[in-house]
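Notes for the one structure printed next.
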Amino acid sequence: MSADERRPWLLLLPALLTLLVFAVAFAMFVSVSLRTQVAGSAVFAGAATFGNYRAALASPAVQDAAWNTVRLAGEMTLLTALLGYPLAYVVARSPSPLFRRGVLFGLVLTLLSGGVTRAYAWLVLLGNRGLVNQALAAIGLPTVRLVHNETGVVIGVVHFLLPFFVLTLLAALRGIPVALEDAARNLGASRWRAFVHVFLPLSIPGLIAAASLSFAGALSAFLFPELLGGGRVRMAANLIYERIVTDYNLPRVAAMAALFLVLALAALAMLAILQRALARRFAPAAEAA
Amino acid sequence: MSIRAAPPYSAAVALCAWLVMLFVLLPVAFIALYAFNETAYLALPPRGLTLHWFANFFANTRFRDALMSSLVIAFAVTPAALLVALPAAIALVRYRFPGRELVNVALMSPLVVPGVVVGISFLSLAAALGLGLGTSTLIVAMTCLAFPFALRALVANLHGLDPALEDAARNLGATRLRAFALVTLPQLKPGVLAGGIFVFVEAIDNFSTAVFLTNSRTTTLPVEAFSYIRDFDDPTVAAMAVLLMAFSAVLVLAIDRLVGLDRLLDLH
């Protein structure tokens, strides 16, 4: 290998070593998942076995959590897209630079304000004596249960995902030239037709990219279901945490975590395939632009 | 190019966007109000204002310790992640070598692993090596977890730069290192800043991995806040949130001043 061929690898060395630490932690975790914990101790013993995996796959709690995770993540992503798309569209096409800057500022501030802050804010806002229910009571309406159930968790996670979604989508929408919609309007298309036939198809790749990011975030949601679900909403991460706290059986929990990782990666791989297929479908239009 | 007075969307669509923005800002605005609220329960209109909950936050030794560990972790992880990511970004953008695409995917892979799985992994590693939990384990785990944020921002930044400038400096007799330090590095300010901020915020705010790696002696701010919320029902955590948000606001203003919020979009 010549000096020039070696140079990129030397530059990559620190990052590859960091990744190696990650990989070793991963290998440890998988090897732990194949062991058996000696009862009442922190010692792992016995030959490698898939027993922990078999037990996890057969457990109704694990099956429920897996299904809940995929279902809720789908619902959250859909809601995030429904709320986020109009906002990103208006920001991308707004004639007011002040509005654009204001929204960007608000989104980045919310993004940086952190998960715990926002989960806590929703807990107090949506609680039984929270602001929403106080307002309902003030106008003589019955109060509603908004936390310690799926509603609260979905509201919290959608709010968490929105800034990521809108910022990612916005970066893609900015690349769609206004001239195309103008041309459609000049040729007599209504605002709606110009949007549906020109803007929307061109935005599909960006939409899928932003939705994939949101879906990945929703799948690994942990803090929001933990705080806003009040133990009644169990997504995969919550089940894993609950098990590690209640009976510190690391091999069993590691097997569950490995299955969760496979589930998450499989779902994301499917989205990546979809993204590629759609990008090919809509690419000719984008290139014509 | 035509001058368009009217936007291409209807008033109803604009209203939708405003409502969504209101939804985004509502918790942030609320928490700021709640932190200064005199009573533990929020009644409207607020009965009075107080700094009591801020005093409460700083009087609580567990919060003070957690604040210290979170700051130590964030200030160790941010430069570490940037130093790991910067040479890697240069290799990925400026060099063509076999396996480049694979290396790129591998280096970004920590981003798609759920935080809980990362937590369990490092817990297994610590258990297998007989290491204790605490600050150093957290720093290692957070660096592994967060350096892809810095890498992504730096790669995006480098893609937008013209390598010819550095070549020109080298043709004029500058060494490779000198050309990089004097020509390319100053142009990497947006990427370093954006990447650094994402890493810093992740290191401060991470809960799902940190909760597995903290113990009774060392906790981080989010983990401590989480356990406080479970035990107490008062605005002390809101006061903590306001402090963190004030810090975030300063960061956002700094980004806007130094690189412009618009550019952040391309680096995110």
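Here, A, B, ... name the chains of the structure tokens in the order displayed, residue numbers run from 1 inside each chain, and ligands are numbered from 1 in the same displayed order.
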Exercise for the section: Pick out each residue of stretch 96-187 of chain B that DSSP on the backbone tags as alpha helix (DSSP H); I need them as a PyMOL selection string. Expected result: chain B and resi 100-108+115-129+135-159+163-171+176-179+185-187
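If only C-alpha atoms are the atoms counted, then among A:Leu187, A:Val154, A:Leu228, A:Leu271 the closest residue to A:Ala73 is A:Val154.
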Exercise for the section: For each of B:Val72, B:Leu82, B:Ala40, B:Ile120, take the minimum atom-to-atom distance to chain A, counting only C-alpha atoms, then give the residue where this is smallest. Expected result: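 Once distances to chain A are computed over only C-alpha atoms, the minimum belongs to B:Ile120.
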Practice task
For atom CA of A:Val32 and atom CA of A:Asp64, determine how far apart the two atoms are, in Å to one decimal place.
Solution key: 24.1 Å
Problem - Test item: residues at most 7 Å from stretch 191-193 of chain A, only C-alpha atoms, excluding those fewer than 6 positions along its chain, as a list in words - result: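 My reading of the contact set: Arg185 of chain A; Pro8 and Tyr9 of chain B.
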Exercise for the section: Name all residues at most 10 Å from A:Phe199 (count only C-alpha atoms; drop same-chain ones fewer than 6 positions away) and give them as a list in words. Expected result: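 Close residues of A:Phe199: Tyr89, Leu173, Ile176, Pro177, Val178, Leu180, Glu181, Trp192 and Arg193 of chain A.
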Fill in the blank from the handout: Residue with the minimum atom-to-atom distance to B:Ile31, picked from A:Val198, A:Phe222, A:Leu123, A:Phe215 with only C-alpha atoms counted, is A:Leu123
Problem - Selected residue of minimal separation from B:Val237 among B:Ala55, B:Ala14, B:Ile73, B:Leu133, counting only C-alpha atoms - result: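 Of the candidates, the smallest distance to B:Val237 is held by B:Ala55.
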Practice task
Pick out the residues sitting within 12 Å of B:Leu51, and hand them over as a list in words; count only C-alpha atoms, and ignore anything fewer than 4 positions along from it in its own chain.
Solution key: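 Once the nearby chain positions are removed, what remains is Ala32, Leu33, Tyr34, Ala35, Phe36, Asn37, Glu38, Thr39, Ala55, Asn56, Phe57, Phe58, Pro235, Thr236, Ala238, Ala239, Met240 and Val242 of chain B.
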Problem - A:Ala48, A:Pro225, A:Pro95, A:Ser41 ranked by distance to A:Trp122, top pick (using only C-alpha atoms) - result: A:Pro225
Practice task
Could you tell me which of A:Ala66, A:Leu200, A:Ala25, A:Leu82 comes closest to chain B if we count only C-alpha atoms?
Solution key: A:Ala25
Exercise for the section: Tell me which protein, DNA and RNA residues are within 12 Å of A:Arg100, counting only C-alpha atoms, leaving out same-chain ones fewer than 2 positions away, and put them as a ChimeraX atom specification. Expected result: /A:87-98,102-107,167,170,174 /B:17-18,21,261-262
For the residues selected in the previous step, produce a file with C-alpha atoms as an mmCIF file, in the first residue's frame.
```cif
data_model
loop_
_atom_site.group_PDB
_atom_site.id
_atom_site.type_symbol
_atom_site.label_atom_id
_atom_site.label_comp_id
_atom_site.auth_asym_id
_atom_site.auth_seq_id
_atom_site.Cartn_x
_atom_site.Cartn_y
_atom_site.Cartn_z
ATOM 1 C CA LEU A 87 -45.895 23.486 8.051
ATOM 2 C CA ALA A 88 -42.831 22.588 5.952
ATOM 3 C CA TYR A 89 -44.730 23.464 2.752
ATOM 4 C CA VAL A 90 -45.839 26.875 4.034
ATOM 5 C CA VAL A 91 -42.332 27.663 5.307
ATOM 6 C CA ALA A 92 -40.798 26.598 1.971
ATOM 7 C CA ARG A 93 -43.220 28.748 -0.037
ATOM 8 C CA SER A 94 -43.875 31.637 2.357
ATOM 9 C CA PRO A 95 -43.202 35.060 0.830
ATOM 10 C CA SER A 96 -42.231 36.376 4.291
ATOM 11 C CA PRO A 97 -38.612 35.861 5.337
ATOM 12 C CA LEU A 98 -39.574 36.912 8.857
ATOM 13 C CA GLY A 102 -39.356 32.703 13.148
ATOM 14 C CA VAL A 103 -40.434 29.123 12.440
ATOM 15 C CA LEU A 104 -36.830 27.960 12.009
ATOM 16 C CA PHE A 105 -35.892 29.595 15.306
ATOM 17 C CA GLY A 106 -38.852 27.988 17.104
ATOM 18 C CA LEU A 107 -38.122 24.545 15.641
ATOM 19 C CA LEU A 167 -36.324 20.375 9.281
ATOM 20 C CA LEU A 170 -37.727 21.478 4.518
ATOM 21 C CA ARG A 174 -36.170 23.975 -0.788
ATOM 22 C CA ALA B 17 -49.242 25.709 9.610
ATOM 23 C CA TRP B 18 -49.772 28.329 12.326
ATOM 24 C CA MET B 21 -46.376 25.820 15.103
ATOM 25 C CA LEU B 261 -29.999 29.219 10.750
ATOM 26 C CA ASP B 262 -30.666 28.554 7.056
#
```
